[in-house]
Structures are given as C-alpha cells and as structure tokens.
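Chemist: So here's target.tsv, just TSV, C-alpha atoms and all ligand atoms:
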chain	number	residue	atom	x	y	z
A	1	MET	CA	0.00	0.00	0.00
A	2	THR	CA	1.05	3.59	-0.56
A	3	GLY	CA	0.49	6.51	1.79
A	4	THR	CA	1.81	9.84	3.03
A	5	VAL	CA	3.76	10.19	6.25
A	6	ILE	CA	1.89	12.67	8.44
A	7	GLN	CA	4.00	12.28	11.55
A	8	SER	CA	7.44	10.89	12.13
A	9	THR	CA	8.62	10.29	15.67
A	10	GLY	CA	11.82	8.46	14.82
A	11	SER	CA	10.56	5.12	16.11
A	12	PHE	CA	7.23	4.95	14.33
A	13	TYR	CA	5.44	6.78	11.58
A	14	GLU	CA	1.81	7.70	11.02
A	15	VAL	CA	0.95	7.07	7.40
A	16	ARG	CA	-2.28	8.35	5.84
A	17	ILE	CA	-3.69	6.21	3.04
A	18	PRO	CA	-6.04	7.62	0.34
A	19	SER	CA	-9.18	6.57	2.27
A	20	GLY	CA	-8.06	8.91	5.06
A	21	GLU	CA	-7.26	6.06	7.43
A	22	ILE	CA	-4.05	6.38	9.41
A	23	ILE	CA	-1.77	3.36	9.71
A	24	ILE	CA	1.03	3.16	12.25
A	25	CYS	CA	4.16	2.02	10.45
A	26	ARG	CA	7.69	1.08	11.38
A	27	ILE	CA	10.82	0.65	9.37
A	28	LYS	CA	11.63	-2.94	8.64
A	29	GLY	CA	15.17	-3.94	9.46
A	30	LYS	CA	17.88	-1.44	8.74
A	31	PHE	CA	16.69	1.29	6.45
A	32	ARG	CA	19.86	2.78	5.08
A	33	LEU	CA	20.28	6.50	5.30
A	34	GLU	CA	21.37	7.65	1.87
A	35	ASP	CA	23.21	10.56	3.39
A	36	LYS	CA	25.08	9.55	6.53
A	37	LYS	CA	24.88	13.07	7.87
A	38	GLN	CA	21.12	12.89	8.03
A	39	THR	CA	19.33	12.00	11.25
A	40	ASN	CA	15.90	10.93	10.02
A	41	PRO	CA	15.43	8.53	7.14
A	42	ILE	CA	11.73	9.34	6.73
A	43	ALA	CA	10.11	12.74	7.08
A	44	VAL	CA	6.63	14.21	7.16
A	45	GLY	CA	5.40	14.54	3.59
A	46	ASP	CA	7.23	11.47	2.32
A	47	VAL	CA	5.23	9.14	0.14
A	48	VAL	CA	5.99	5.59	1.20
A	49	ASP	CA	5.09	2.02	0.31
A	50	PHE	CA	4.39	-0.38	3.13
A	51	GLU	CA	3.17	-3.88	3.77
A	52	GLY	CA	0.46	-3.94	6.33
A	53	VAL	CA	-1.42	-6.38	8.47
A	54	GLY	CA	-3.91	-5.68	11.23
A	55	GLY	CA	-3.67	-1.90	11.19
A	56	GLU	CA	0.13	-1.83	11.38
A	57	GLY	CA	2.66	-1.59	8.60
A	58	ASN	CA	6.28	-1.95	7.64
A	59	ILE	CA	7.68	0.72	5.36
A	60	ASN	CA	9.80	-0.72	2.60
A	61	LYS	CA	10.13	2.11	0.10
A	62	ILE	CA	10.28	5.92	0.02
A	63	HIS	CA	9.20	7.47	-3.25
A	64	PRO	CA	11.63	10.07	-4.64
A	65	ARG	CA	11.15	13.46	-2.94
A	66	ARG	CA	10.01	16.37	-5.07
A	67	ASN	CA	11.76	18.66	-2.57
A	68	TYR	CA	12.50	18.92	1.12
A	69	ILE	CA	13.52	21.45	3.68
A	70	ILE	CA	16.17	20.76	6.28
A	71	ARG	CA	17.65	22.24	9.39
A	72	SER	CA	20.68	21.21	11.36
A	73	ALA	CA	19.94	18.46	13.87
A	74	PRO	CA	19.16	19.70	17.39
A	75	ASN	CA	22.24	18.31	19.07
A	76	LYS	CA	24.70	17.80	16.27
A	77	LYS	CA	25.04	20.87	14.13
A	78	GLU	CA	26.87	19.05	11.36
A	79	TYR	CA	23.96	16.67	10.98
A	80	LYS	CA	20.91	17.48	8.93
A	81	HIS	CA	17.35	16.86	9.90
A	82	ILE	CA	14.64	16.87	7.24
A	83	ILE	CA	11.73	18.94	8.51
A	84	ALA	CA	9.33	18.03	5.73
A	85	SER	CA	9.27	16.92	2.12
A	86	ASN	CA	7.08	17.36	-0.97
A	87	ILE	CA	6.03	20.88	0.02
A	88	ASP	CA	4.26	23.32	-2.30
A	89	GLN	CA	4.95	26.41	-0.23
A	90	CYS	CA	6.35	27.74	2.97
A	91	VAL	CA	3.89	30.04	4.77
A	92	ILE	CA	5.43	32.24	7.42
A	93	ILE	CA	3.04	33.59	10.03
A	94	ALA	CA	4.39	36.70	11.71
A	95	SER	CA	3.02	39.57	13.77
A	96	ILE	CA	4.06	43.15	14.30
A	97	ALA	CA	2.73	43.51	17.83
A	98	GLN	CA	2.34	41.03	20.68
A	99	PRO	CA	4.71	39.45	19.77
A	100	ARG	CA	6.89	41.31	17.26
A	101	THR	CA	8.45	38.96	14.74
A	102	SER	CA	11.88	40.14	13.67
A	103	HIS	CA	12.49	40.67	9.96
A	104	GLY	CA	15.63	38.56	10.49
A	105	PHE	CA	13.51	35.55	11.40
A	106	ILE	CA	11.32	36.04	8.31
A	107	ASP	CA	14.29	36.54	6.00
A	108	ARG	CA	16.05	33.46	7.37
A	109	ILE	CA	13.10	31.25	6.47
A	110	LEU	CA	12.71	32.97	3.11
A	111	LEU	CA	16.36	32.30	2.37
A	112	THR	CA	16.00	28.63	3.26
A	113	ALA	CA	12.89	28.33	1.09
A	114	PHE	CA	14.70	30.09	-1.74
A	115	LEU	CA	17.65	27.73	-1.32
A	116	TYR	CA	15.34	24.74	-1.78
A	117	ASP	CA	13.31	26.38	-4.54
A	118	ILE	CA	10.11	26.42	-2.51
A	119	PRO	CA	7.74	29.40	-2.96
A	120	SER	CA	6.91	31.28	0.21
A	121	ALA	CA	4.39	33.71	1.63
A	122	VAL	CA	4.50	36.04	4.64
A	123	ILE	CA	1.29	36.63	6.60
A	124	PHE	CA	1.16	39.24	9.33
A	125	ASN	CA	-1.52	38.25	11.82
A	126	LYS	CA	-2.98	40.20	14.77
A	127	HIS	CA	-3.58	43.31	12.69
A	128	ASP	CA	-6.18	44.42	15.26
A	129	LEU	CA	-3.41	44.73	17.85
A	130	ILE	CA	-1.58	47.36	15.86
A	131	LEU	CA	-2.44	50.62	17.54
A	132	LYS	CA	0.52	52.81	16.74
A	133	GLU	CA	0.91	54.65	13.46
A	134	ARG	CA	4.59	53.67	13.44
A	135	GLU	CA	3.71	49.96	13.57
A	136	GLU	CA	1.11	50.27	10.80
A	137	GLN	CA	3.78	51.99	8.71
A	138	LEU	CA	6.25	49.17	9.38
A	139	LEU	CA	3.62	46.62	8.40
A	140	LYS	CA	2.96	48.42	5.11
A	141	GLU	CA	6.66	48.66	4.36
A	142	LEU	CA	7.29	44.97	5.03
A	143	ILE	CA	4.32	43.86	2.92
A	144	PHE	CA	5.49	46.15	0.12
A	145	THR	CA	9.05	44.82	0.38
A	146	TYR	CA	7.97	41.19	0.17
A	147	ASN	CA	5.44	41.81	-2.60
A	148	GLU	CA	8.17	43.49	-4.63
A	149	LEU	CA	10.12	40.23	-4.35
A	150	ASN	CA	7.09	38.35	-5.74
A	151	ILE	CA	6.36	36.89	-2.33
A	152	ILE	CA	2.69	36.85	-1.40
A	153	SER	CA	2.26	38.98	1.71
A	154	PHE	CA	-0.79	40.41	3.48
A	155	TYR	CA	-2.14	40.96	6.96
A	156	THR	CA	-4.87	39.11	8.81
A	157	SER	CA	-6.78	39.35	12.04
A	158	VAL	CA	-8.57	36.43	13.60
A	159	THR	CA	-10.42	38.67	16.03
A	160	LYS	CA	-11.75	40.96	13.31
A	161	ASN	CA	-11.90	38.23	10.68
A	162	GLU	CA	-9.78	40.26	8.29
A	163	ASN	CA	-8.42	38.61	5.11
A	164	THR	CA	-8.90	35.09	6.43
A	165	ASP	CA	-10.56	34.14	3.11
A	166	GLN	CA	-7.38	35.22	1.39
A	167	LEU	CA	-5.42	32.86	3.63
A	168	LYS	CA	-7.85	30.06	2.86
A	169	GLN	CA	-7.31	30.63	-0.86
A	170	LEU	CA	-3.56	30.59	-0.36
A	171	LEU	CA	-3.67	27.23	1.42
A	172	GLN	CA	-6.35	25.51	-0.65
A	173	ASN	CA	-5.22	22.40	-2.54
A	174	LYS	CA	-1.60	22.88	-1.56
A	175	THR	CA	0.74	21.35	0.99
A	176	SER	CA	2.04	24.22	3.08
A	177	LEU	CA	4.73	24.25	5.70
A	178	ILE	CA	3.56	26.68	8.39
A	179	CYS	CA	6.38	28.53	10.12
A	180	GLY	CA	6.30	31.09	12.87
A	181	HIS	CA	7.00	31.73	16.50
A	182	SER	CA	4.71	30.67	19.27
A	183	GLY	CA	1.90	33.08	19.99
A	184	VAL	CA	1.53	34.73	16.57
A	185	GLY	CA	-1.81	33.00	16.07
A	186	LYS	CA	-1.07	30.00	13.86
A	187	SER	CA	-3.59	27.68	15.57
A	188	SER	CA	-6.18	30.45	15.76
A	189	LEU	CA	-5.86	31.20	12.04
A	190	VAL	CA	-6.14	27.53	11.10
A	191	ASN	CA	-9.20	27.12	13.33
A	192	CYS	CA	-10.76	30.20	11.78
A	193	ILE	CA	-10.58	28.80	8.25
A	194	ALA	CA	-10.90	25.10	9.17
A	195	PRO	CA	-12.91	24.81	12.40
A	196	GLU	CA	-13.15	21.05	11.81
A	197	LEU	CA	-9.51	20.67	12.79
A	198	ASP	CA	-10.30	22.16	16.18
A	199	LEU	CA	-6.66	22.77	17.10
A	200	LYS	CA	-6.02	23.79	20.64
A	201	VAL	CA	-5.02	27.41	20.63
A	202	GLY	CA	-1.32	27.27	21.33
A	203	GLU	CA	-1.08	23.73	20.02
A	204	ILE	CA	0.97	24.37	16.92
A	205	SER	CA	4.66	24.51	17.69
A	206	LYS	CA	3.98	24.96	21.36
A	207	TYR	CA	7.45	23.76	22.23
A	208	THR	CA	9.36	26.16	20.03
A	209	GLU	CA	10.28	28.47	22.88
A	210	LYS	CA	11.53	25.68	25.10
A	211	GLY	CA	14.44	24.69	22.97
A	212	LEU	CA	13.73	21.01	23.53
A	213	HIS	CA	13.24	19.70	20.07
A	214	THR	CA	13.90	16.05	20.72
A	215	THR	CA	10.37	15.46	21.95
A	216	THR	CA	8.59	17.45	19.26
A	217	PHE	CA	7.78	16.43	15.75
A	218	ALA	CA	6.31	18.04	12.73
A	219	ARG	CA	2.76	17.00	11.86
A	220	MET	CA	0.63	17.19	8.75
A	221	TYR	CA	-3.07	18.09	9.00
A	222	THR	CA	-5.54	17.66	6.16
A	223	LEU	CA	-7.58	20.75	5.33
A	224	PRO	CA	-11.31	20.11	4.86
A	225	PHE	CA	-11.39	22.38	1.78
A	226	GLY	CA	-8.44	20.59	0.14
A	227	GLY	CA	-4.75	20.69	0.87
A	228	ASN	CA	-2.54	20.02	3.85
A	229	ILE	CA	-0.67	22.05	6.40
A	230	ILE	CA	2.48	20.94	8.15
A	231	ASP	CA	3.26	22.40	11.51
A	232	SER	CA	6.95	22.56	12.17
A	233	PRO	CA	8.24	22.84	15.70
A	234	GLY	CA	11.87	23.68	16.17
A	235	ILE	CA	11.79	26.30	13.50
A	236	LYS	CA	14.31	28.33	15.44
A	237	GLU	CA	16.92	25.84	14.38
A	238	PHE	CA	16.41	26.89	10.80
A	239	GLY	CA	19.96	27.20	9.75
A	240	LEU	CA	21.80	28.68	6.88
A	241	LEU	CA	22.96	25.24	5.90
A	242	ASP	CA	25.06	24.64	2.86
A	243	VAL	CA	25.43	28.30	1.98
A	244	ASP	CA	28.85	29.62	1.09
A	245	PRO	CA	28.99	33.14	2.58
A	246	ASN	CA	30.53	34.40	-0.67
A	247	GLU	CA	27.45	33.21	-2.53
A	248	LEU	CA	24.87	34.45	-0.08
A	249	GLY	CA	23.79	37.21	-2.47
A	250	HIS	CA	22.46	34.57	-4.88
A	251	TYR	CA	19.72	33.77	-2.37
A	252	PHE	CA	18.50	37.35	-2.06
A	253	PRO	CA	16.59	38.00	-5.30
A	254	GLU	CA	17.07	41.78	-5.07
A	255	ILE	CA	20.84	41.29	-4.74
A	256	ARG	CA	21.07	38.55	-7.31
A	257	SER	CA	19.34	40.63	-9.96
A	258	ARG	CA	21.85	43.47	-9.49
A	259	MET	CA	25.14	41.77	-8.73
A	260	ASN	CA	26.34	41.45	-12.28
A	261	LYS	CA	26.36	45.24	-12.47
A	262	CYS	CA	28.87	45.45	-9.59
A	263	LYS	CA	32.32	46.64	-10.65
A	264	PHE	CA	34.11	43.63	-9.17
A	265	ASN	CA	33.19	40.05	-9.95
A	266	ASP	CA	33.80	38.96	-6.40
A	267	CYS	CA	31.89	41.88	-4.86
A	268	LEU	CA	30.41	41.00	-1.47
A	269	HIS	CA	28.25	44.16	-1.46
A	270	ILE	CA	29.62	45.34	1.86
A	271	ASN	CA	31.85	48.35	1.19
A	272	GLU	CA	33.22	47.84	-2.32
A	273	LYS	CA	33.49	50.69	-4.78
A	274	GLY	CA	31.13	50.53	-7.72
A	275	CYS	CA	28.78	48.13	-5.96
A	276	ALA	CA	25.38	48.14	-7.71
A	277	VAL	CA	23.73	46.66	-4.62
A	278	LEU	CA	24.94	49.45	-2.33
A	279	GLU	CA	23.84	52.01	-4.92
A	280	ALA	CA	20.37	50.47	-5.03
A	281	LEU	CA	20.26	50.47	-1.23
A	282	GLU	CA	21.21	54.14	-1.20
A	283	ALA	CA	18.53	54.90	-3.78
A	284	GLY	CA	15.93	53.14	-1.63
A	285	GLU	CA	15.39	50.38	-4.20
A	286	ILE	CA	16.50	47.70	-1.75
A	287	ALA	CA	14.83	47.60	1.66
A	288	ALA	CA	17.18	48.34	4.56
A	289	THR	CA	15.69	45.45	6.56
A	290	ARG	CA	16.61	42.99	3.84
A	291	TYR	CA	20.12	44.38	3.53
A	292	ILE	CA	20.58	44.13	7.31
A	293	SER	CA	19.52	40.46	7.11
A	294	TYR	CA	22.07	39.94	4.34
A	295	LEU	CA	24.87	41.41	6.48
A	296	THR	CA	23.78	39.48	9.57
A	297	PHE	CA	23.68	36.15	7.72
A	298	TYR	CA	26.98	36.92	6.01
A	299	GLU	CA	28.71	37.51	9.34
A	300	GLU	CA	27.12	34.41	10.81
A	301	LEU	CA	28.22	32.18	7.95
A	302	LYS	CA	31.66	33.73	7.86
A	303	SER	CA	32.28	33.19	11.56
A	304	ASN	CA	30.78	29.73	11.17
A	305	LYS	CA	30.05	29.59	14.86
A	306	LYS	CA	26.72	27.96	14.36
A	307	TYR	CA	27.38	25.54	11.59
A	401	LIG	P1	0.27	29.95	17.94
A	401	LIG	O1	1.17	29.67	19.10
A	401	LIG	O2	1.01	30.64	16.83
A	401	LIG	O3	-0.50	28.76	17.46
A	401	LIG	O4	-0.79	31.04	18.44
A	401	LIG	P2	-2.27	30.80	19.01
A	401	LIG	O5	-3.22	30.52	17.92
A	401	LIG	O6	-2.19	29.83	20.13
A	401	LIG	O7	-2.60	32.27	19.56
A	401	LIG	C1	-1.90	32.85	20.63
A	401	LIG	C2	-2.80	33.88	21.28
A	401	LIG	O8	-3.07	34.96	20.39
A	401	LIG	C3	-4.15	33.32	21.69
A	401	LIG	O9	-4.49	33.89	22.94
A	401	LIG	C4	-5.09	33.80	20.60
A	401	LIG	O10	-6.41	33.95	21.04
A	401	LIG	C5	-4.48	35.14	20.23
A	401	LIG	N1	-4.71	35.55	18.83
A	401	LIG	C6	-4.55	34.80	17.73
A	401	LIG	N2	-4.84	35.52	16.62
A	401	LIG	C7	-5.18	36.75	17.03
A	401	LIG	C8	-5.59	37.98	16.36
A	401	LIG	O11	-5.67	38.08	15.13
A	401	LIG	N3	-5.84	39.05	17.15
A	401	LIG	C9	-5.75	39.01	18.50
A	401	LIG	N4	-6.04	40.11	19.19
A	401	LIG	N5	-5.40	37.89	19.17
A	401	LIG	C10	-5.11	36.79	18.45
A	402	ZN	ZN	28.21	44.55	-5.04
Taking this structure as input, can you express it in the form of structure tokens?
Modeler:
Amino acid sequence: MTGTVIQSTGSFYEVRIPSGEIIICRIKGKFRLEDKKQTNPIAVGDVVDFEGVGGEGNINKIHPRRNYIIRSAPNKKEYKHIIASNIDQCVIIASIAQPRTSHGFIDRILLTAFLYDIPSAVIFNKHDLILKEREEQLLKELIFTYNELNIISFYTSVTKNENTDQLKQLLQNKTSLICGHSGVGKSSLVNCIAPELDLKVGEISKYTEKGLHTTTFARMYTLPFGGNIIDSPGIKEFGLLDVDPNELGHYFPEIRSRMNKCKFNDCLHINEKGCAVLEALEAGEIAATRYISYLTFYEELKSNKKY
C-alpha cells in the first residue's frame, strides 16, 4: 500500500492512506540513510510504500522526494534533519505587535525556502493589535518589500476576521509548511478557516520556545477544503545550511538581480566601490531590513560559529 507520512517520531510513523485512514508504520530492518549526515530517514510529507497487516505496517520504500527542507539536527550541528518533504509552499506567520516577529527571522526562512526552490508567503496576523501609526507603517513597508520580491504577503486578524478568506485561498489544494514563533496565532488562524480541525489554541509549535526539540515532531493536518498544512516545531533551528557566505547574495533575489552590475566580480556588497547593490540600497530600491539580514547572515556564515 502507498500513503503519506503525516507524523514521524523516529521510532514509528503515522501514514495516511487515500481513504483517510491512518496506519502506524515502522521501518523494517535497517533502512539505510542515503546521506550519513542525516538523522531521520523518513520525514513528514514522504510518500511511502508499506506492507500492512492488522492496522500496522512496515515501510519498505520511500518514493523520490520532489523537494525537502532541512535544518541542522538539534544536538549535532553538522547533521541534517529533514523537517518536511514534498512541500508546495512555505507560509510564514508573523506579527508586528504582541509578539513582534523580527524581519531577520522572516528573511532566514525565506532564504531557506529560496535555497530549496520552494515558494513562500509572509502573513502578518494580529492586525487588530496594531495601535501605533509607526507599527502600521512598518507593516505596510514589510508587505510592500515582500510583494516586490514576488512573495505573497498580506495581513490578517482572527479577532476581526480580516483577510482570512485570502489565507484560505492561499492554502487551498496545496501542501504548506507553516512557520512562525509561538503566539503569533497559527492555531487560531487555522481554526478560523478550518474549524473542523479544532486545534487547541497554542497547540501548533507549542514547544518552540523551550528549545527542547527532541520530543517534538512536525505534523501534517488535512484541510477540509483541500490541501494540507504541516506544523513545524523547532523552527528556530532553521539554519543557513550549505550556503557559502561568498554566494549568499544569490539567495536574495534583489541582490542577485543586481550583482552582475557590480564593478568587481567577487563583490560582497559590503563596502566595495562601484557596488550596484549598495547604490540600489542608497537609492531606496532595496529595503534596509533585507540588507541588514544579508549582512547578519553573512557575518554568521563567515564566523561559522553555528554551523
Ligand atoms: P500559535 O502559538 O502561533 O499557534 O498562536 P495561538 O493561535 O495559540 O494564539 C496565541 C494567542 O493569540 C491566543 O491567545 C489567541 O487567542 C491570540 N490571537 C490569535 N490571533 C489573534 C488575532 O488576530 N488578534 C488578536 N487580538 N489575538 C489573536
Ligand atoms: Zn556589489
């Protein structure tokens, strides 16, 4: 039988078959890890074949992955952990107030999605909690910045039921990895558009702030109007894996599209003369927040402390 892995705990897997039934599966014998530096052989989103009897199954094949997204393993930075596979999009839920999501957090996930060629969207929830003009201005600027990069971005409010239909449309008939810090309203938004799922408010990624990732696992939920969402705890571990700091600019579309106009081939867009990126920044064509993320990630990769 063939099914989709909706939860992977490391010792057993929940596999959903087309009828909607969930079969608990294990790996038979030694399932070789193709990449030795990978901690989990099977991830949420994997399509697998299994032999089953009496409601249990043994997985014997993983179908080739269309894509996947990885982070470094919780305890061993040099090891990779697949968060999810076969994803259509990465949907980042953020908020400007209570709590404030940093643009660095958003840009880090965008970079990872870009690295793996996965489209992404940035949703700013809790719009009703924005009371200051300054915060509304920031919201508008961030939405503008992301839209300019061809990233879908808009605001929502669960309390005022603002733009939740737009979110529903975004998620419909797609498999979306939902990313975002605890408390931004991920469960509330999902409940608003899919009350059938009846998630506990605070249920999605409730462990993200605790830093204990070993007991938390991503899970896929089926949307009643078509599509799936994958909740991904441990999103803080999202690393800048496999990126050469000298090539970081390739993963910022606004830098990539300008870098061949830089005077020097090996321009890092930091303080070089004749840098087209710095000129665009000066002219206000590149958002300062994005450039700050670029510099931050560059320093991080260069110092290689984390990875
Ligand atoms: P999660 O941790 O991202 O899943 O966030 P929750 O859905 O658990 O929401 C955290 C808190 O924010 C709860 O108390 C929600 O009722 C509240 N909340 C969620 N969305 C909104 C919103 O749009 N406006 C306001 N005012 N509160 C919200
Ligand atoms: Zn440059």
Chemist: Between A:Gly180, A:Pro195, A:Gly57, A:Pro41, which one has atoms that come closest to ligand LIG 401 (chain A), using only C-alpha atoms and all ligand atoms?
Modeler: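 Once distances to ligand LIG 401 (chain A) are computed over only C-alpha atoms and all ligand atoms, the minimum belongs to A:Gly180.
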Chemist: Extract, using all atoms listed in the file, all DNA, RNA and protein residues at most 7 Å from A:Ala218, discarding same-chain residues fewer than 5 positions from it, and format them as a list of chain:residue names.
Modeler: A:Gln7, A:Val44, A:Ile83, A:Ile230, A:Asp231, A:Ser232, A:Pro233
Chemist: Atoms to include: C-alpha atoms. Write the selected residues as an mmCIF file, in the coordinates of the input.
Modeler:
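Below is the file that was written, selection33.cif:
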data_model
loop_
_atom_site.group_PDB
_atom_site.id
_atom_site.type_symbol
_atom_site.label_atom_id
_atom_site.label_comp_id
_atom_site.auth_asym_id
_atom_site.auth_seq_id
_atom_site.Cartn_x
_atom_site.Cartn_y
_atom_site.Cartn_z
ATOM 1 C CA GLN A 7 4.000 12.280 11.550
ATOM 2 C CA VAL A 44 6.630 14.210 7.160
ATOM 3 C CA ILE A 83 11.730 18.940 8.510
ATOM 4 C CA ILE A 230 2.480 20.940 8.150
ATOM 5 C CA ASP A 231 3.260 22.400 11.510
ATOM 6 C CA SER A 232 6.950 22.560 12.170
ATOM 7 C CA PRO A 233 8.240 22.840 15.700
#
Chemist: Can you work out which one of A:Leu171, A:Cys192, A:Ile92, A:Val184 has the shortest atom-to-atom distance to A:Asn228, counting only C-alpha atoms?
Modeler: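 Result for the nearest residue to A:Asn228: A:Leu171.
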Chemist: Tell me which residues come within 8 Å of (4.8, 36.2, 0.4), as a PyMOL selection string, counting only C-alpha atoms in the file's coordinates.
Modeler: chain A and resi 91+120-123+146-147+150-154
Chemist: With a cut-off of 6 Å, could you pull out the residues of chain A touching ligand ZN 402 (chain A) and give me the nearest pair of atoms for each, distance in Å to one decimal, using all atoms listed in the file, ordered by chain and ascending number, as CSV?
Modeler:
residue,atom,partner,partner_atom,distance
A:Met259,CA,A:ZN402,ZN,5.5
A:Cys262,CA,A:ZN402,ZN,4.7
A:Cys267,CA,A:ZN402,ZN,4.6
A:Leu268,CA,A:ZN402,ZN,5.5
A:His269,CA,A:ZN402,ZN,3.6
A:Cys275,CA,A:ZN402,ZN,3.7
A:Ala276,CA,A:ZN402,ZN,5.3
A:Val277,CA,A:ZN402,ZN,5.0
Chemist: For A:Leu167, list every protein, DNA or RNA residue within 9 Å, evaluated using all atoms listed in the file, and leave out those in the same chain fewer than 3 positions away; present the list as a list in words.
Modeler: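 Near A:Leu167, the qualifying residues are Ile123, Phe154, Thr156, Asn163, Thr164, Leu170, Leu171, Gln172, Leu189 and Ile193 of chain A.
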Chemist: If I take atom CA of A:Glu254 and atom CA of A:Ala113, how far is one from the other in Å, to one decimal?
Modeler: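 Atom CA of A:Glu254 sits 15.4 Å away from atom CA of A:Ala113.
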Chemist: So what do you get for atom CA of A:Glu162 versus atom N2 of ligand LIG 401 (chain A), distance-wise?
Modeler: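 Value for the atom CA of A:Glu162-atom N2 of ligand LIG 401 (chain A) distance: 10.8 Å.
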Chemist: Using all atoms listed in the file, find each protein or nucleic acid residue lying at most 10 Å from ligand LIG 401 (chain A); present the set as a PyMOL selection string.
Modeler: chain A and resi 93-95+97-99+124-130+155-162+164+178-192+199-209+231
Chemist: Mind giving me the straight-line distance from atom CA of A:Leu177 to atom CA of A:Thr289 in Å, one decimal?
Modeler: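 Value for the atom CA of A:Leu177-atom CA of A:Thr289 distance: 23.9 Å.
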Chemist: Name the closest residue to A:Arg256 among the candidates A:Ile17, A:Ile62, A:Met1, A:Ile286; distances are taken between atoms, counting all atoms listed in the file.
Modeler: A:Ile286
Chemist: Please determine, counting all atoms listed in the file, which residue among A:Thr222, A:Val53, A:Ser293, A:Arg100 has the shortest atom-to-atom distance to A:Ile24.
Modeler: A:Val53
Chemist: May I ask which of the residues A:Asn271, A:Leu138, A:Glu51, A:Asn40 is the closest one to A:Ser11, counting only C-alpha atoms?
Modeler: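 Checking each candidate against A:Ser11, we get A:Asn40 as the closest.
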Chemist: Which residue out of A:Ala287, A:Leu278, A:Ile96, A:Ile42 has the minimum interatomic distance to A:Glu136 when all atoms listed in the file are used?
Modeler: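 So, comparing all the options, the nearest one is A:Ile96.
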Chemist: Env of A:Gly20: 12 Å cut, atoms = all atoms listed in the file, seq-sep filter 2 positions within chain, self excluded. Answer as a ChimeraX atom specification.
Modeler: /A:2-6,14-18,22-23,221-224
Chemist: Dump as a ChimeraX atom specification all residues having an atom at most 7 Å from (7.1, 23.8, -0.4), computed in the file's coordinates with only C-alpha atoms.
Modeler: /A:86-90,118-119,175-177
Chemist: Could those selected residues go to a file with C-alpha atoms, as an mmCIF file, keeping the file's coordinate frame?
Modeler:
data_model
loop_
_atom_site.group_PDB
_atom_site.id
_atom_site.type_symbol
_atom_site.label_atom_id
_atom_site.label_comp_id
_atom_site.auth_asym_id
_atom_site.auth_seq_id
_atom_site.Cartn_x
_atom_site.Cartn_y
_atom_site.Cartn_z
ATOM 1 C CA ASN A 86 7.080 17.360 -0.970
ATOM 2 C CA ILE A 87 6.030 20.880 0.020
ATOM 3 C CA ASP A 88 4.260 23.320 -2.300
ATOM 4 C CA GLN A 89 4.950 26.410 -0.230
ATOM 5 C CA CYS A 90 6.350 27.740 2.970
ATOM 6 C CA ILE A 118 10.110 26.420 -2.510
ATOM 7 C CA PRO A 119 7.740 29.400 -2.960
ATOM 8 C CA THR A 175 0.740 21.350 0.990
ATOM 9 C CA SER A 176 2.040 24.220 3.080
ATOM 10 C CA LEU A 177 4.730 24.250 5.700
#
